[in-house]
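Colleague: Okay, so here is start_22.tsv, and as you'll see once you scroll down, it has TSV, C-alpha atoms (C1' of nucleotides).
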chain	number	residue	atom	x	y	z
A	1410	MET	CA	-19.76	-172.02	-100.13
A	1411	SER	CA	-18.08	-172.18	-96.79
A	1412	SER	CA	-21.27	-171.78	-94.82
A	1413	LEU	CA	-20.99	-170.51	-91.31
A	1414	MET	CA	-22.49	-172.20	-88.32
A	1415	GLN	CA	-23.83	-171.02	-85.01
A	1416	ILE	CA	-22.40	-171.87	-81.66
A	1417	GLY	CA	-24.87	-174.71	-81.12
A	1418	GLU	CA	-23.79	-176.60	-84.19
A	1419	LEU	CA	-20.12	-175.98	-83.51
A	1420	SER	CA	-20.53	-177.16	-79.96
A	1421	GLU	CA	-22.26	-180.31	-81.09
A	1422	ARG	CA	-19.77	-181.13	-83.80
A	1423	ALA	CA	-16.79	-180.49	-81.57
A	1424	GLY	CA	-18.25	-182.33	-78.63
A	1425	VAL	CA	-17.87	-179.49	-76.17
A	1426	SER	CA	-20.46	-177.31	-74.51
A	1427	HIS	CA	-21.20	-173.81	-75.71
A	1428	ARG	CA	-20.05	-172.57	-72.33
A	1429	THR	CA	-16.68	-174.10	-73.03
A	1430	ILE	CA	-16.58	-172.24	-76.32
A	1431	HIS	CA	-17.42	-168.99	-74.57
A	1432	TYR	CA	-14.74	-169.73	-72.03
A	1433	TYR	CA	-12.12	-170.44	-74.68
A	1434	GLU	CA	-13.05	-167.21	-76.39
A	1435	ARG	CA	-12.42	-165.27	-73.20
A	1436	LEU	CA	-9.01	-166.89	-72.98
A	1437	GLY	CA	-8.25	-165.94	-76.55
A	1438	LEU	CA	-8.12	-169.48	-77.89
A	1439	LEU	CA	-10.90	-169.10	-80.38
A	1440	ARG	CA	-13.06	-166.44	-81.90
A	1441	PRO	CA	-16.00	-166.41	-84.25
A	1442	ALA	CA	-15.36	-165.69	-87.91
A	1443	GLU	CA	-18.11	-163.14	-87.72
A	1444	ARG	CA	-20.40	-161.44	-85.24
A	1445	GLU	CA	-23.18	-159.81	-87.06
A	1446	GLY	CA	-25.70	-157.31	-85.84
A	1447	ALA	CA	-26.95	-158.19	-82.45
A	1448	GLY	CA	-24.18	-160.46	-81.29
A	1449	TYR	CA	-24.74	-164.00	-82.50
A	1450	ARG	CA	-21.46	-165.79	-83.12
A	1451	TYR	CA	-20.85	-167.43	-86.49
A	1452	TYR	CA	-18.03	-169.90	-87.00
A	1453	ASP	CA	-16.31	-171.49	-89.96
A	1454	ASP	CA	-14.67	-174.91	-90.18
A	1455	VAL	CA	-11.35	-173.59	-88.95
A	1456	ALA	CA	-12.98	-173.06	-85.58
A	1457	LEU	CA	-13.92	-176.72	-85.51
A	1458	ARG	CA	-10.39	-177.76	-86.29
A	1459	ARG	CA	-9.09	-175.44	-83.61
A	1460	LEU	CA	-11.37	-177.04	-81.06
A	1461	GLU	CA	-10.23	-180.50	-82.09
A	1462	LYS	CA	-6.63	-179.44	-81.80
A	1463	ILE	CA	-7.26	-177.98	-78.37
A	1464	ALA	CA	-8.81	-181.26	-77.27
A	1465	ALA	CA	-5.85	-183.22	-78.60
A	1466	LEU	CA	-3.35	-180.99	-76.81
A	1467	LYS	CA	-5.36	-181.24	-73.62
A	1468	ARG	CA	-5.20	-185.01	-73.80
A	1469	LEU	CA	-1.43	-184.67	-73.94
A	1470	GLY	CA	-1.52	-182.82	-70.66
A	1471	LEU	CA	-1.06	-179.23	-71.77
A	1472	ASN	CA	-3.10	-176.67	-69.88
A	1473	LEU	CA	-4.99	-173.92	-71.65
A	1474	ASP	CA	-2.20	-171.38	-71.26
A	1475	GLU	CA	0.29	-173.69	-72.90
A	1476	ILE	CA	-2.15	-174.48	-75.64
A	1477	ALA	CA	-2.64	-170.80	-76.29
A	1478	ALA	CA	1.11	-170.49	-76.68
A	1479	VAL	CA	1.36	-172.99	-79.55
A	1480	LEU	CA	-2.06	-173.19	-81.10
A	1481	ASP	CA	-1.48	-170.53	-83.72
A	1482	LEU	CA	1.46	-172.43	-85.09
A	1483	TYR	CA	-1.07	-174.83	-86.54
A	1484	PHE	CA	-3.29	-172.20	-88.05
A	1485	VAL	CA	-1.44	-169.06	-89.04
A	1486	ASP	CA	1.47	-168.33	-91.30
A	1487	ALA	CA	4.62	-168.66	-89.21
A	1488	THR	CA	6.39	-165.82	-91.00
A	1489	GLY	CA	4.12	-163.41	-89.20
A	1490	ILE	CA	4.73	-164.71	-85.72
A	1491	ARG	CA	6.50	-162.30	-83.43
A	1492	GLY	CA	8.96	-163.40	-80.79
A	1493	LYS	CA	10.08	-166.49	-82.65
A	1494	GLU	CA	12.93	-167.19	-80.25
A	1495	LYS	CA	10.51	-167.33	-77.39
A	1496	VAL	CA	8.22	-169.63	-79.32
A	1497	ILE	CA	11.16	-171.91	-80.04
A	1498	GLU	CA	11.96	-171.98	-76.34
A	1499	ILE	CA	8.44	-173.07	-75.53
A	1500	LEU	CA	8.44	-175.67	-78.27
A	1501	LYS	CA	11.73	-177.15	-77.16
A	1502	ALA	CA	10.58	-177.35	-73.57
A	1503	GLN	CA	7.47	-179.17	-74.71
A	1504	LEU	CA	9.54	-181.47	-76.87
A	1505	ALA	CA	11.63	-182.46	-73.88
A	1506	ARG	CA	8.50	-183.10	-71.87
A	1507	ALA	CA	7.02	-185.11	-74.70
A	1508	ASP	CA	10.13	-187.29	-74.80
A	1509	THR	CA	9.96	-187.96	-71.10
A	1510	GLN	CA	6.29	-188.64	-71.33
A	1511	LEU	CA	6.76	-191.02	-74.23
A	1512	HIS	CA	9.26	-192.99	-72.25
A	1513	GLU	CA	7.16	-193.11	-69.11
A	1514	LEU	CA	4.12	-194.03	-71.12
A	1515	THR	CA	5.92	-196.92	-72.74
A	1516	VAL	CA	6.99	-198.25	-69.37
A	1517	PHE	CA	3.51	-197.74	-67.99
A	1518	LYS	CA	2.01	-199.63	-70.87
A	1519	ARG	CA	4.32	-202.56	-70.31
A	1520	ASP	CA	3.44	-202.55	-66.63
A	1521	LEU	CA	-0.22	-202.54	-67.49
A	1522	GLU	CA	0.18	-205.49	-69.79
A	1523	ASP	CA	2.12	-207.39	-67.16
A	1524	ASN	CA	-0.49	-206.64	-64.54
A	1525	ILE	CA	-3.32	-207.69	-66.79
A	1526	ALA	CA	-1.60	-210.97	-67.58
A	1527	ARG	CA	-0.95	-211.57	-63.92
A	1528	MET	CA	-4.52	-210.87	-62.92
A	1529	GLU	CA	-5.89	-213.09	-65.64
A	1530	ARG	CA	-3.62	-215.89	-64.59
A	1531	LEU	CA	-4.75	-215.53	-60.98
A	1532	ILE	CA	-8.37	-215.62	-62.00
A	1533	ALA	CA	-7.83	-218.72	-64.13
A	1534	GLU	CA	-6.13	-220.44	-61.24
A	1535	ALA	CA	-8.91	-219.50	-58.87
A	1536	ARG	CA	-11.50	-220.96	-61.25
A	1537	ARG	CA	-9.62	-224.21	-61.57
A	1538	GLY	CA	-9.23	-224.77	-57.94
B	89	MET	CA	17.82	-201.10	-39.92
B	90	SER	CA	14.96	-199.77	-41.90
B	91	SER	CA	14.76	-196.52	-39.98
B	92	LEU	CA	11.52	-194.65	-40.15
B	93	MET	CA	11.27	-191.01	-41.08
B	94	GLN	CA	8.94	-188.22	-40.16
B	95	ILE	CA	6.70	-186.42	-42.57
B	96	GLY	CA	9.15	-183.58	-43.05
B	97	GLU	CA	11.88	-185.82	-44.36
B	98	LEU	CA	9.50	-187.80	-46.53
B	99	SER	CA	8.09	-184.61	-47.97
B	100	GLU	CA	11.55	-183.32	-48.76
B	101	ARG	CA	12.75	-186.55	-50.33
B	102	ALA	CA	9.62	-186.98	-52.41
B	103	GLY	CA	9.49	-183.36	-53.47
B	104	VAL	CA	5.96	-182.75	-52.32
B	105	SER	CA	4.65	-180.66	-49.44
B	106	HIS	CA	3.63	-182.26	-46.20
B	107	ARG	CA	0.17	-180.86	-46.81
B	108	THR	CA	0.00	-182.91	-49.98
B	109	ILE	CA	0.96	-186.00	-48.02
B	110	HIS	CA	-1.82	-185.32	-45.56
B	111	TYR	CA	-4.16	-184.86	-48.50
B	112	TYR	CA	-3.14	-188.15	-50.10
B	113	GLU	CA	-3.65	-189.89	-46.80
B	114	ARG	CA	-7.20	-188.61	-46.62
B	115	LEU	CA	-7.79	-190.00	-50.10
B	116	GLY	CA	-6.41	-193.36	-49.05
B	117	LEU	CA	-3.36	-193.25	-51.29
B	118	LEU	CA	-0.79	-193.46	-48.56
B	119	ARG	CA	-0.55	-194.10	-44.87
B	120	PRO	CA	2.21	-194.00	-42.32
B	121	ALA	CA	3.86	-197.26	-41.34
B	122	GLU	CA	3.30	-196.27	-37.77
B	123	ARG	CA	1.57	-193.67	-35.65
B	124	GLU	CA	2.92	-193.81	-32.21
B	125	GLY	CA	1.59	-192.26	-29.06
B	126	ALA	CA	0.38	-188.79	-29.71
B	127	GLY	CA	-0.05	-188.92	-33.44
B	128	TYR	CA	3.21	-188.19	-35.24
B	129	ARG	CA	3.38	-190.07	-38.52
B	130	TYR	CA	6.37	-192.29	-39.27
B	131	TYR	CA	7.06	-193.58	-42.76
B	132	ASP	CA	9.25	-196.23	-44.31
B	133	ASP	CA	10.85	-196.29	-47.75
B	134	VAL	CA	7.82	-197.87	-49.32
B	135	ALA	CA	5.97	-194.63	-48.70
B	136	LEU	CA	8.63	-192.80	-50.67
B	137	ARG	CA	8.27	-195.20	-53.56
B	138	ARG	CA	4.51	-194.85	-53.44
B	139	LEU	CA	4.82	-191.08	-53.70
B	140	GLU	CA	7.17	-191.41	-56.65
B	141	LYS	CA	4.77	-193.78	-58.35
B	142	ILE	CA	1.91	-191.40	-57.75
B	143	ALA	CA	3.90	-188.60	-59.36
B	144	ALA	CA	4.73	-190.77	-62.36
B	145	LEU	CA	1.12	-191.77	-62.86
B	146	LYS	CA	0.04	-188.16	-62.55
B	147	ARG	CA	2.44	-187.19	-65.31
B	148	LEU	CA	0.69	-189.75	-67.48
B	149	GLY	CA	-2.57	-187.96	-66.94
B	150	LEU	CA	-4.27	-190.21	-64.40
B	151	ASN	CA	-6.27	-188.45	-61.73
B	152	LEU	CA	-6.02	-189.37	-58.08
B	153	ASP	CA	-9.03	-191.65	-58.19
B	154	GLU	CA	-7.57	-193.63	-61.05
B	155	ILE	CA	-4.24	-193.76	-59.31
B	156	ALA	CA	-5.91	-195.11	-56.19
B	157	ALA	CA	-7.45	-197.84	-58.32
B	158	VAL	CA	-4.14	-199.23	-59.58
B	159	LEU	CA	-1.51	-198.14	-57.09
B	160	ASP	CA	-1.71	-201.22	-54.93
B	161	LEU	CA	-0.89	-203.43	-57.89
B	162	TYR	CA	2.62	-202.10	-57.58
B	163	PHE	CA	2.94	-202.66	-53.87
B	164	VAL	CA	0.85	-205.53	-52.60
B	165	ASP	CA	0.61	-209.16	-53.47
B	166	ALA	CA	-1.91	-209.50	-56.27
B	167	THR	CA	-3.31	-212.77	-54.97
B	168	GLY	CA	-4.98	-210.85	-52.18
B	169	ILE	CA	-6.68	-208.28	-54.34
B	170	ARG	CA	-10.44	-208.48	-54.35
B	171	GLY	CA	-12.55	-207.79	-57.39
B	172	LYS	CA	-9.92	-208.83	-59.88
B	173	GLU	CA	-12.32	-208.65	-62.82
B	174	LYS	CA	-13.03	-205.05	-62.04
B	175	VAL	CA	-9.35	-204.29	-61.74
B	176	ILE	CA	-8.76	-205.89	-65.11
B	177	GLU	CA	-11.48	-203.72	-66.59
B	178	ILE	CA	-9.79	-200.62	-65.27
B	179	LEU	CA	-6.40	-201.76	-66.46
B	180	LYS	CA	-7.65	-202.51	-69.94
B	181	ALA	CA	-9.36	-199.16	-70.21
B	182	GLN	CA	-6.13	-197.49	-69.21
B	183	LEU	CA	-4.21	-199.57	-71.68
B	184	ALA	CA	-6.47	-198.40	-74.48
B	185	ARG	CA	-6.01	-194.82	-73.37
B	186	ALA	CA	-2.29	-195.29	-73.18
B	187	ASP	CA	-2.24	-196.55	-76.74
B	188	THR	CA	-4.18	-193.56	-77.98
B	189	GLN	CA	-2.01	-191.24	-76.00
B	190	LEU	CA	1.15	-192.84	-77.33
B	191	HIS	CA	-0.03	-192.32	-80.85
B	192	GLU	CA	-1.08	-188.73	-80.29
B	193	LEU	CA	2.11	-188.00	-78.48
B	194	THR	CA	4.15	-189.33	-81.35
B	195	VAL	CA	2.29	-187.13	-83.80
B	196	PHE	CA	2.60	-184.16	-81.47
B	197	LYS	CA	6.32	-184.70	-81.17
B	198	ARG	CA	6.75	-184.79	-84.93
B	199	ASP	CA	4.71	-181.61	-85.23
B	200	LEU	CA	6.87	-179.95	-82.62
B	201	GLU	CA	10.03	-180.92	-84.44
B	202	ASP	CA	8.63	-179.62	-87.70
B	203	ASN	CA	7.60	-176.38	-86.11
B	204	ILE	CA	10.97	-175.89	-84.47
B	205	ALA	CA	12.75	-176.49	-87.75
B	206	ARG	CA	10.44	-174.07	-89.49
B	207	MET	CA	10.94	-171.37	-86.91
B	208	GLU	CA	14.68	-171.76	-86.95
B	209	ARG	CA	14.72	-171.52	-90.71
B	210	LEU	CA	12.65	-168.35	-90.59
B	211	ILE	CA	14.96	-166.81	-88.04
B	212	ALA	CA	18.02	-167.69	-90.10
B	213	GLU	CA	16.46	-166.10	-93.15
B	214	ALA	CA	15.56	-163.00	-91.21
B	215	ARG	CA	19.16	-162.64	-90.00
B	216	ARG	CA	20.54	-162.99	-93.50
B	217	GLY	CA	18.30	-160.51	-95.10
C	985	DT	C1'	14.47	-179.99	-17.54
C	986	DC	C1'	13.52	-176.87	-20.85
C	987	DT	C1'	12.88	-174.75	-25.25
C	988	DA	C1'	12.94	-174.43	-30.32
C	989	DA	C1'	11.60	-177.02	-34.13
C	990	DA	C1'	8.49	-180.25	-35.89
C	991	DT	C1'	4.10	-181.94	-36.12
C	992	DC	C1'	-0.90	-182.21	-35.17
C	993	DT	C1'	-6.05	-180.98	-36.49
C	994	DA	C1'	-9.33	-178.11	-38.61
C	995	DC	C1'	-11.00	-174.74	-41.34
C	996	DA	C1'	-10.51	-171.49	-44.99
C	997	DC	C1'	-8.89	-170.28	-49.27
C	998	DC	C1'	-6.90	-170.72	-54.17
C	999	DC	C1'	-6.80	-171.76	-59.27
C	1000	DA	C1'	-8.28	-174.03	-63.57
C	1001	DA	C1'	-11.91	-175.36	-66.18
C	1002	DC	C1'	-15.87	-175.36	-66.63
C	1003	DG	C1'	-21.48	-175.80	-65.22
C	1004	DT	C1'	-26.00	-173.75	-63.83
C	1005	DA	C1'	-29.36	-170.38	-63.73
C	1006	DA	C1'	-31.67	-166.01	-64.58
C	1007	DG	C1'	-33.49	-162.77	-67.42
C	1008	DG	C1'	-33.46	-160.62	-71.74
C	1009	DT	C1'	-32.87	-160.60	-77.04
C	1010	DT	C1'	-32.82	-162.53	-81.73
C	1011	DT	C1'	-33.92	-165.42	-85.40
C	1012	DA	C1'	-36.12	-168.94	-88.30
C	1013	DG	C1'	-39.94	-170.82	-90.03
C	1014	DA	C1'	-44.97	-171.87	-90.03
D	137	DT	C1'	-46.91	-161.77	-87.87
D	138	DC	C1'	-45.95	-164.55	-84.25
D	139	DT	C1'	-43.78	-167.82	-81.33
D	140	DA	C1'	-40.53	-171.39	-80.00
D	141	DA	C1'	-35.87	-172.34	-80.25
D	142	DA	C1'	-31.45	-170.53	-80.16
D	143	DC	C1'	-28.69	-167.22	-78.52
D	144	DC	C1'	-26.88	-163.34	-75.54
D	145	DT	C1'	-24.59	-161.50	-71.00
D	146	DT	C1'	-23.86	-161.62	-66.13
D	147	DA	C1'	-23.11	-163.78	-62.01
D	148	DC	C1'	-22.65	-167.32	-58.92
D	149	DG	C1'	-21.62	-172.51	-58.01
D	150	DT	C1'	-18.75	-176.76	-58.38
D	151	DT	C1'	-14.98	-180.07	-58.68
D	152	DG	C1'	-10.17	-181.60	-58.43
D	153	DG	C1'	-6.01	-180.93	-56.49
D	154	DG	C1'	-4.13	-178.94	-53.66
D	155	DT	C1'	-2.13	-174.58	-50.21
D	156	DG	C1'	-2.23	-171.27	-45.96
D	157	DT	C1'	-2.78	-170.38	-41.45
D	158	DA	C1'	-3.87	-170.66	-36.53
D	159	DG	C1'	-3.47	-172.49	-32.24
D	160	DA	C1'	-2.35	-176.50	-29.65
D	161	DT	C1'	0.70	-180.37	-28.84
D	162	DT	C1'	4.88	-183.13	-29.10
D	163	DT	C1'	9.50	-184.24	-29.62
D	164	DA	C1'	14.56	-183.92	-29.89
D	165	DG	C1'	18.51	-182.33	-28.18
D	166	DA	C1'	21.38	-179.11	-25.42
Represent the structure contained in this file as structure tokens.

Modeller:
Amino acid sequence: MSSLMQIGELSERAGVSHRTIHYYERLGLLRPAEREGAGYRYYDDVALRRLEKIAALKRLGLNLDEIAAVLDLYFVDATGIRGKEKVIEILKAQLARADTQLHELTVFKRDLEDNIARMERLIAEARRG
Amino acid sequence: MSSLMQIGELSERAGVSHRTIHYYERLGLLRPAEREGAGYRYYDDVALRRLEKIAALKRLGLNLDEIAAVLDLYFVDATGIRGKEKVIEILKAQLARADTQLHELTVFKRDLEDNIARMERLIAEARRG
DNA sequence: TCTAAATCTACACCCAACGTAAGGTTTAGA
DNA sequence: TCTAAACCTTACGTTGGGTGTAGATTTAGA
């Protein structure tokens, strides 16, 4: 029994506001599994996973347009995707960016650790004398 | 002869508009080495390196406030920095975020590679038959 | 000395990604 | 049946990170 939920529950479980959900719907990122009668939106668990994926991709620095371009790869059968060459282009560009970002992030992390050590040493010295 | 440059040259070398430089100055991220007579700004090479650092930190997902909070660690003597405990707090928070981001980025990269391979396989199959 | 190019300040505007508020409708449960 | 909570649409507001433009001033170089 894959029970459906309303926008309030989805919003709570996903940790985003219902306005954000409306907004994503307008951008084509997400749509309710069902819209009965007078317009209430009803969502299944896939919607929740889509929202979580969107959040993860946002944390990686993709904007909502870029997310729209790849999101379906995680949720629909790839055989049906049109314009596969174009999708590959996008994916490869993102892969290159991810590589760069990984490298920069590694350096940044090392810098952070160095700086923390340095600050802690300075504080210890200040305390001693 | 550490010759100074005007905003136009700095902007060109750093790959940002002069308007952006003005904007960063207002936020306290950057200031000219010198402002002679009637107000023209003159910059040294440190300004260029600051701009490059800002760009790098932006690519990592820091906003300009966060960048302002750590930027000086790269350019001034740490002994003179006030509120070291607070700085450490910020640095540690960023370190935690960097760790998360590194992990997510690694997963994302693997997903991308999988998706690319899948798409290329599908295209090859389509060509064959 | 003179003029074209560079720069100055100040205000307005832009886009993404939402948030707030109003006013009306629907639904669940007592 | 009735009412409070949840939802709907529409429209305007906000924030971050800038960009555009105007009109005045300054500077570099012929």

Colleague: Would you kindly report the residues of chain B within 7 Å of chain A, using all atoms listed in the file, as a PyMOL selection string?

Modeller: chain B and resi 148-149+167+172+176+179+183+186+189-190+193+197+200+204+207+210

Colleague: Counting only C-alpha atoms (C1' of nucleotides), what are the residues of chain D within 8 Å of chain B, and for each of them which pair of atoms is the nearest and at what distance in Å, to one decimal? Sort the table by chain and rising number, as a tab-separated table.

Modeller:
residue	atom	partner	partner_atom	distance
D:DG154	C1'	B:Thr108	CA	6.8
D:DT155	C1'	B:Arg107	CA	7.5
D:DT162	C1'	B:Ala126	CA	7.3

Colleague: Report as a ChimeraX atom specification all protein, DNA and RNA residues lying within 10 Å of stretch 986-988 of chain C, evaluated on only C-alpha atoms (C1' of nucleotides), omitting residues in the same chain fewer than 3 positions from it.

Modeller: /D:164-166

Colleague: Which residue out of C:DT985, C:DG1003, C:DT993, C:DA1014 has the minimum interatomic distance to chain B when all atoms listed in the file are used?

Modeller: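 That would be C:DT993, the residue with the smallest distance to chain B.
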
Colleague: Counting only C-alpha atoms (C1' of nucleotides), which residues of chain C sit at most 12 Å from some atom of chain B, and what is each one's closest atom pair with its distance in Å to one decimal, listed by chain and rising residue number, as CSV?

Modeller:
residue,atom,partner,partner_atom,distance
C:DA989,C1',B:Gly96,CA,11.3
C:DA990,C1',B:Gly96,CA,7.9
C:DT991,C1',B:Tyr128,CA,6.4
C:DC992,C1',B:Gly127,CA,7.0
C:DT993,C1',B:Gly127,CA,10.4

Colleague: At a cut-off of 6 Å, using all atoms listed in the file, what residues contact A:Leu1413? Leave out same-chain residues fewer than 5 positions from it and give the result as an NGL selection string.

Modeller: :A and (1451-1453)

Colleague: Please measure the separation of atom CA of B:Phe163 and atom CA of B:Ile142, giving the value in Å to one decimal.

Modeller: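 Going from atom CA of B:Phe163 over to atom CA of B:Ile142 covers 12.0 Å.
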
Colleague: Report, in Å with one decimal, the straight-line distance from atom CA of A:Val1455 to atom CA of A:Ala1478.

Modeller: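 If I compute the distance from atom CA of A:Val1455 to atom CA of A:Ala1478, I get 17.8 Å.
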
Colleague: Between atom CA of A:Glu1461 and atom C1' of C:DT1011, what distance in Å does the model show, to one decimal?

Modeller: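 Distance reported for this atom pair: 28.3 Å.
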
Colleague: Need to verify the contact set: C:DC997, 10 Å, all atoms listed in the file, exclusion of same-chain residues closer than 2 positions in sequence. Can you return it as a PyMOL selection string?

Modeller: (chain C and resi 995) or (chain D and resi 155-157)

Colleague: Axis-aligned box over every listed atom of stretch 998-1013 of chain C, padded by 6 Å per side: centre and edges in Å to one decimal, as AutoDock Vina command-line options?

Modeller:
--center_x -23.4 --center_y -168.2 --center_z -72.1 --size_x 45.1 --size_y 27.2 --size_z 47.9

Colleague: Within 9 Å of (-19.2, -172.6, -59.8) (coordinates as in the file), grab all the protein and nucleic acid residues, counting only C-alpha atoms (C1' of nucleotides), and write them out as a VMD selection string.

Modeller: (chain C and resid 1002 to 1004) or (chain D and resid 148 to 151)

Colleague: Please, could N, CA and C atoms be added to stretch 181-198 of chain B and the result written as a compact mmCIF listing (two decimals), in the coordinates of the input?

Modeller:
# COMPACT_ATOMS: atom_id res chain seq x y z
N ALA B 181 -8.95 -200.50 -69.77
CA ALA B 181 -9.36 -199.16 -70.21
C ALA B 181 -8.14 -198.24 -70.24
N GLN B 182 -7.32 -198.35 -69.24
CA GLN B 182 -6.13 -197.49 -69.21
C GLN B 182 -5.16 -197.86 -70.30
N LEU B 183 -5.10 -199.15 -70.60
CA LEU B 183 -4.21 -199.57 -71.68
C LEU B 183 -4.65 -198.97 -73.01
N ALA B 184 -5.96 -198.98 -73.24
CA ALA B 184 -6.47 -198.40 -74.48
C ALA B 184 -6.13 -196.91 -74.54
N ARG B 185 -6.35 -196.25 -73.42
CA ARG B 185 -6.01 -194.82 -73.37
C ARG B 185 -4.53 -194.58 -73.60
N ALA B 186 -3.73 -195.45 -73.02
CA ALA B 186 -2.29 -195.29 -73.18
C ALA B 186 -1.89 -195.44 -74.64
N ASP B 187 -2.53 -196.37 -75.32
CA ASP B 187 -2.24 -196.55 -76.74
C ASP B 187 -2.57 -195.30 -77.54
N THR B 188 -3.78 -194.79 -77.31
CA THR B 188 -4.18 -193.56 -77.98
C THR B 188 -3.19 -192.44 -77.69
N GLN B 189 -2.88 -192.33 -76.41
CA GLN B 189 -2.01 -191.24 -76.00
C GLN B 189 -0.62 -191.38 -76.63
N LEU B 190 -0.15 -192.61 -76.70
CA LEU B 190 1.15 -192.84 -77.33
C LEU B 190 1.13 -192.37 -78.77
N HIS B 191 0.06 -192.71 -79.45
CA HIS B 191 -0.03 -192.32 -80.85
C HIS B 191 -0.07 -190.79 -80.99
N GLU B 192 -0.95 -190.18 -80.19
CA GLU B 192 -1.08 -188.73 -80.29
C GLU B 192 0.21 -188.03 -79.90
N LEU B 193 0.87 -188.61 -78.93
CA LEU B 193 2.11 -188.00 -78.48
C LEU B 193 3.18 -188.08 -79.56
N THR B 194 3.20 -189.17 -80.27
CA THR B 194 4.15 -189.33 -81.35
C THR B 194 3.91 -188.29 -82.44
N VAL B 195 2.64 -188.13 -82.79
CA VAL B 195 2.29 -187.13 -83.80
C VAL B 195 2.66 -185.74 -83.31
N PHE B 196 2.31 -185.47 -82.06
CA PHE B 196 2.60 -184.16 -81.47
C PHE B 196 4.09 -183.88 -81.51
N LYS B 197 4.88 -184.87 -81.19
CA LYS B 197 6.32 -184.70 -81.17
C LYS B 197 6.83 -184.37 -82.57
N ARG B 198 6.31 -185.07 -83.56
CA ARG B 198 6.75 -184.79 -84.93
C ARG B 198 6.35 -183.36 -85.33
